[in-house]
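Comments concern the structure below.
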Amino acid sequence: MRRLVDFVLTVLATFYLAVIYNSKSLVFLGYAEIFIVLLLFLYNCLVFFRLKVVIDAPLGITEFNKKIPIRIVVYNYGKLPTGKIGIQLLESYALKPKKRKTVFYSSVAGKKRGQSYASAEIYALWRPQYIGKAIITLRRVRCFDLLGVLVLPLPKKAYQSSEKVTILPEIFPVSVETGARSREFAMEQERYLLTGTEEYNTEQFQIREYQQGDRLRNIHWKLSAKEDELIVREYLPVIGCSVLFFLDLSGESEKKRGVFSKSIARRKEVQKKKKAFLSILLSVSSGIAQSGCKHFVIWYDEKKEDVMRYCVEKEEDVYSLLTEFDCLEETKSGFNVEEEYERKYHERAYVTKLVLNQRLQLFCDGELLMQYPAEGLGQALASYMIYL
């Protein structure tokens with residue numbers, strides 16, 4: 001933009017001097033300057049329609065404060081070389097409203113005979129600013145002419161590319177011991193699946209073709225009419241978990257509600273606590289999974305306005321848990337996620353109920369087990385054994 005302004009001022013100055021000195025040469029020079037810019041604009045139009053930009057982040061999961069490589073590739077399907085290309089990268093986080101923009105510059109030569117395209121690659125090391133699910137997106141791509149005077153924005157379809165990366169907090173070892181009730185619960189669930197019980201989850205089902213002996217009430221009539229053949233719903237059996245792990249995000253009072261305070265010190269304290277909250281959650285959940293105990297992690301999503309749950313059966317599921325969180329905003333005072341969960345899922349079969357609140361307190365069946373500090377989590381998590 002600055003170069004364009006400078007160029008316009010230069011052209012105006014040329015014509016101004018031409019009028020003052022009554023010089024035909026300066027008039028010719030002024031028209032020549034305009035003609036050159038129009039020629040560059042036409043050249044840029046021929047180039048930028050032949051461009052495509054993609055982004056690639058080979059690591060889909062990483063730890064907080066560790067850099068990961070990012071590769072941006074600019075493809076030129078035309079024979080003409082490009083001028084400077086400005087690429088704006090936008091990084092956004094599911095658990096943090098703040099976004100960050102970074103701009104990279106590159107240029108690409110024209111393709112040679114026998115080539116499908118010419119390309120230029122930009123390699124960068126990206127350091128995540130927060131934990132949770134992050135999305136790196138190509139937000140804007142601009143193509144400058146050879147002199148950098150005029151700029152044209154690339155059509156969005158030429159750079160619609162993004163990558164999702166999960167940033168893990170520090171996960172500490174936690175000692176978990178499962179009691180007889182939890183072990184017996186797991187065996188009962190296995191027997192339950194083998195007995196062909198008639199109790200099914202009406203919310204979870206899969207679709208398949210009709211087979212002889214299927215019940216008429218399970219036929220999906222709308223889909224059958226569309227496919228011109230009988231389609232039935234095959235309901236999944238109700239499978240419980242011995243441990244329900246609730247995340248209590250309710251506020252202490254209406255006056256204290258609003259985790260994201262305008263105070264800078266308050267915001268830093270909140271982010272520090274939320275990081276510790278997620279670190280405790282994943283550490284405890286990982287310890288439970290390593291003990292061979294399947295469990296549900298349950299929370300309330302303010303954006304979806306619904307109670308969510310995620311089944312953690314093995315340690316790999318712990319790493320996928322963070323991708324399920326689109327929001328961990330504080331809920332209103334007095335909100336009870338346990339009651340909302342019971343109202344939605346009608347959960348009856350479980351052994352232990354864990355509750356972790358935003359004050360970093362862990363409860364087991366209503367009794368306080370541990371008050372975790374925001375700092376020194378590793379020692380605090382390792383100092384207490386959880387019995388299920």
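Ordering of the structure tokens sets the chain letters (A, B, ...), residue numbers begin anew at 1 in every chain, and ligands are numbered from 1 in the order given.
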
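Within 8 Å of Val351 (chain A), once only C-alpha atoms are used and residues closer than 5 positions along the same chain are dropped, the contacting residues are A:Arg181, A:Ser182, A:Phe185, A:Ser242, A:Val243, A:Leu388.
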
Filtering to C-alpha atoms, could you give me those residues as a compact mmCIF listing (two decimals), in the first residue's frame?
```
# COMPACT_ATOMS: atom_id res chain seq x y z
CA ARG A 181 -15.75 -53.72 42.71
CA SER A 182 -14.13 -52.03 39.70
CA PHE A 185 -17.66 -54.36 37.02
CA SER A 242 -16.94 -48.21 36.38
CA VAL A 243 -15.64 -44.62 36.85
CA LEU A 388 -11.17 -46.85 42.74
```

So that I can check the surroundings of Gln129 (chain A), please list as a short mmCIF file (atom, residue, chain, number, x, y, z; two decimals) with C-alpha atoms, in the first residue's frame every protein, DNA and RNA residue that reaches within 8 Å of it, counting only C-alpha atoms and ignoring chain neighbours fewer than 2 positions away.
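around.cif, freshly written:
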```
data_model
loop_
_atom_site.label_atom_id
_atom_site.label_comp_id
_atom_site.auth_asym_id
_atom_site.auth_seq_id
_atom_site.Cartn_x
_atom_site.Cartn_y
_atom_site.Cartn_z
CA PHE A 64 3.47 -27.31 25.08
CA ASN A 65 6.47 -24.98 24.53
CA ARG A 127 5.79 -22.63 18.87
CA ILE A 131 -2.60 -26.07 25.14
#
```

Once you count only C-alpha atoms, what closest atom pair and distance in Å to one decimal does each residue of region 69-167 of chain A within 12 Å of region 276-300 of chain A have, with rows by chain and rising residue number, as a tab-separated table?
```
residue	atom	partner	partner_atom	distance
A:Leu95	CA	A:Leu278	CA	10.7
A:Tyr130	CA	A:Leu278	CA	11.5
A:Ile131	CA	A:Leu278	CA	8.6
A:Gly132	CA	A:Leu278	CA	8.8
A:Ile167	CA	A:Leu278	CA	11.1
```

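With only C-alpha atoms as the atoms that count, the minimum distance from Tyr43 (chain A) to the choices A:Glu63, A:Arg139, A:Ala18, A:Leu146 is reached by A:Leu146.
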
Shell around region 222-233 of chain A at 6 Å using only C-alpha atoms, local window under 2 positions removed, as a list in words: Gln206, Ile207, Arg208, Glu209, Tyr210, Asn218, Ile219 and His220 of chain A

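Among the candidates A:Cys364, A:Ile61, A:Leu152, A:Ile20, the residue lying nearest to Leu321 (chain A) is A:Ile61 (atoms considered: only C-alpha atoms).
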
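Looking only at region 64-194 of chain A, the set that DSSP places in helix (DSSP H, G or I) from backbone geometry is Lys156, Lys157, Ala158, Ala180, Arg181, Ser182, Arg183, Glu184, Phe185, Ala186, Met187, Glu188, Gln189, Glu190, Arg191, Tyr192, Leu193 and Leu194 of chain A.
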
Output the selection as a PDB file, in the first residue's frame - C-alpha atoms for each residue.
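Okay, this is what ended up in part-v7.pdb:
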```pdb
ATOM      1  CA  LYS A 156     -10.012 -18.257  -1.304  1.00  0.00           C
ATOM      2  CA  LYS A 157     -10.333 -21.514  -3.209  1.00  0.00           C
ATOM      3  CA  ALA A 158      -6.616 -21.237  -4.070  1.00  0.00           C
ATOM      4  CA  ALA A 180     -12.558 -55.578  43.617  1.00  0.00           C
ATOM      5  CA  ARG A 181     -15.753 -53.724  42.705  1.00  0.00           C
ATOM      6  CA  SER A 182     -14.126 -52.033  39.703  1.00  0.00           C
ATOM      7  CA  ARG A 183     -12.578 -55.289  38.482  1.00  0.00           C
ATOM      8  CA  GLU A 184     -15.859 -57.163  38.875  1.00  0.00           C
ATOM      9  CA  PHE A 185     -17.656 -54.360  37.025  1.00  0.00           C
ATOM     10  CA  ALA A 186     -15.358 -54.815  34.028  1.00  0.00           C
ATOM     11  CA  MET A 187     -15.985 -58.577  33.964  1.00  0.00           C
ATOM     12  CA  GLU A 188     -19.741 -58.014  34.236  1.00  0.00           C
ATOM     13  CA  GLN A 189     -19.595 -55.722  31.206  1.00  0.00           C
ATOM     14  CA  GLU A 190     -17.840 -58.417  29.179  1.00  0.00           C
ATOM     15  CA  ARG A 191     -20.456 -60.994  30.175  1.00  0.00           C
ATOM     16  CA  TYR A 192     -23.163 -58.436  29.439  1.00  0.00           C
ATOM     17  CA  LEU A 193     -22.038 -58.152  25.811  1.00  0.00           C
ATOM     18  CA  LEU A 194     -21.936 -61.921  25.394  1.00  0.00           C
TER      19      LEU A 194
END
```

Surrounding residues of Glu367 (chain A) excluding itself and chain neighbours under 6 positions, 12 Å, only C-alpha atoms, as a ChimeraX atom specification: /A:352-356,361

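When CA of Met308 (chain A) is paired with CA of Leu381 (chain A), their separation reads 25.7 Å.
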
In region 11-104 of chain A, DSSP strand (DSSP E or B) residues written as an MDAnalysis selection string: chainID A and resid 51:56 61:63 68:76 85:93 96:104

Using the selection just defined, write its residues with C-alpha atoms as a short mmCIF file (atom, residue, chain, number, x, y, z; two decimals), in the first residue's frame.
```cif
data_model
loop_
_atom_site.label_atom_id
_atom_site.label_comp_id
_atom_site.auth_asym_id
_atom_site.auth_seq_id
_atom_site.Cartn_x
_atom_site.Cartn_y
_atom_site.Cartn_z
CA LEU A 51 -1.26 -20.00 -8.04
CA LYS A 52 -2.14 -22.43 -5.25
CA VAL A 53 -0.92 -22.45 -1.64
CA VAL A 54 -1.06 -25.34 0.83
CA ILE A 55 0.15 -25.85 4.39
CA ASP A 56 1.48 -29.00 6.00
CA ILE A 61 0.35 -33.77 18.34
CA THR A 62 3.06 -32.06 20.37
CA GLU A 63 3.88 -30.86 23.86
CA ILE A 68 7.10 -28.12 15.51
CA PRO A 69 7.99 -27.78 11.80
CA ILE A 70 5.51 -26.25 9.38
CA ARG A 71 5.84 -26.33 5.61
CA ILE A 72 4.06 -23.92 3.27
CA VAL A 73 4.19 -24.77 -0.42
CA VAL A 74 3.35 -22.28 -3.21
CA TYR A 75 2.53 -23.87 -6.57
CA ASN A 76 2.73 -21.91 -9.82
CA ILE A 85 3.75 -13.32 -2.45
CA GLY A 86 2.53 -12.45 1.07
CA ILE A 87 1.06 -15.39 3.03
CA GLN A 88 -0.77 -14.70 6.29
CA LEU A 89 -0.93 -17.59 8.75
CA LEU A 90 -3.63 -17.59 11.45
CA GLU A 91 -3.37 -19.76 14.55
CA SER A 92 -6.43 -20.18 16.75
CA TYR A 93 -7.03 -22.24 19.87
CA LYS A 96 -8.29 -19.59 24.19
CA PRO A 97 -10.10 -16.75 22.42
CA LYS A 98 -6.94 -14.94 21.36
CA LYS A 99 -5.62 -15.51 17.83
CA ARG A 100 -2.20 -14.78 16.37
CA LYS A 101 -1.25 -13.84 12.82
CA THR A 102 2.12 -14.39 11.15
CA VAL A 103 3.10 -13.25 7.64
CA PHE A 104 5.57 -15.03 5.36
#
```

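In this model, the gap between CA of Leu12 (chain A) and CA of Thr82 (chain A) comes to 28.1 Å.
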
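Residue neighbourhood of Gly148 (chain A), excluding near-sequence residues (fewer than 4 positions): Met1, Arg2, Arg3, Leu4, Val5, Asp6, Phe7, Val37, Leu40, Phe41, Asn44, Thr82, Gly83, Lys84, Ile85, Gly86, Ser107, Arg142, Cys143, Phe144 and Leu152 of chain A, at 12 Å, using only C-alpha atoms.
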
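Reported to one decimal place, the separation of CA of Glu315 (chain A) from CA of Lys67 (chain A) is 23.8 Å.
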
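Nearest residue to Val318 (chain A) among A:Leu168, A:Leu147, A:Ile135, A:Leu360 is A:Leu168, counting only C-alpha atoms.
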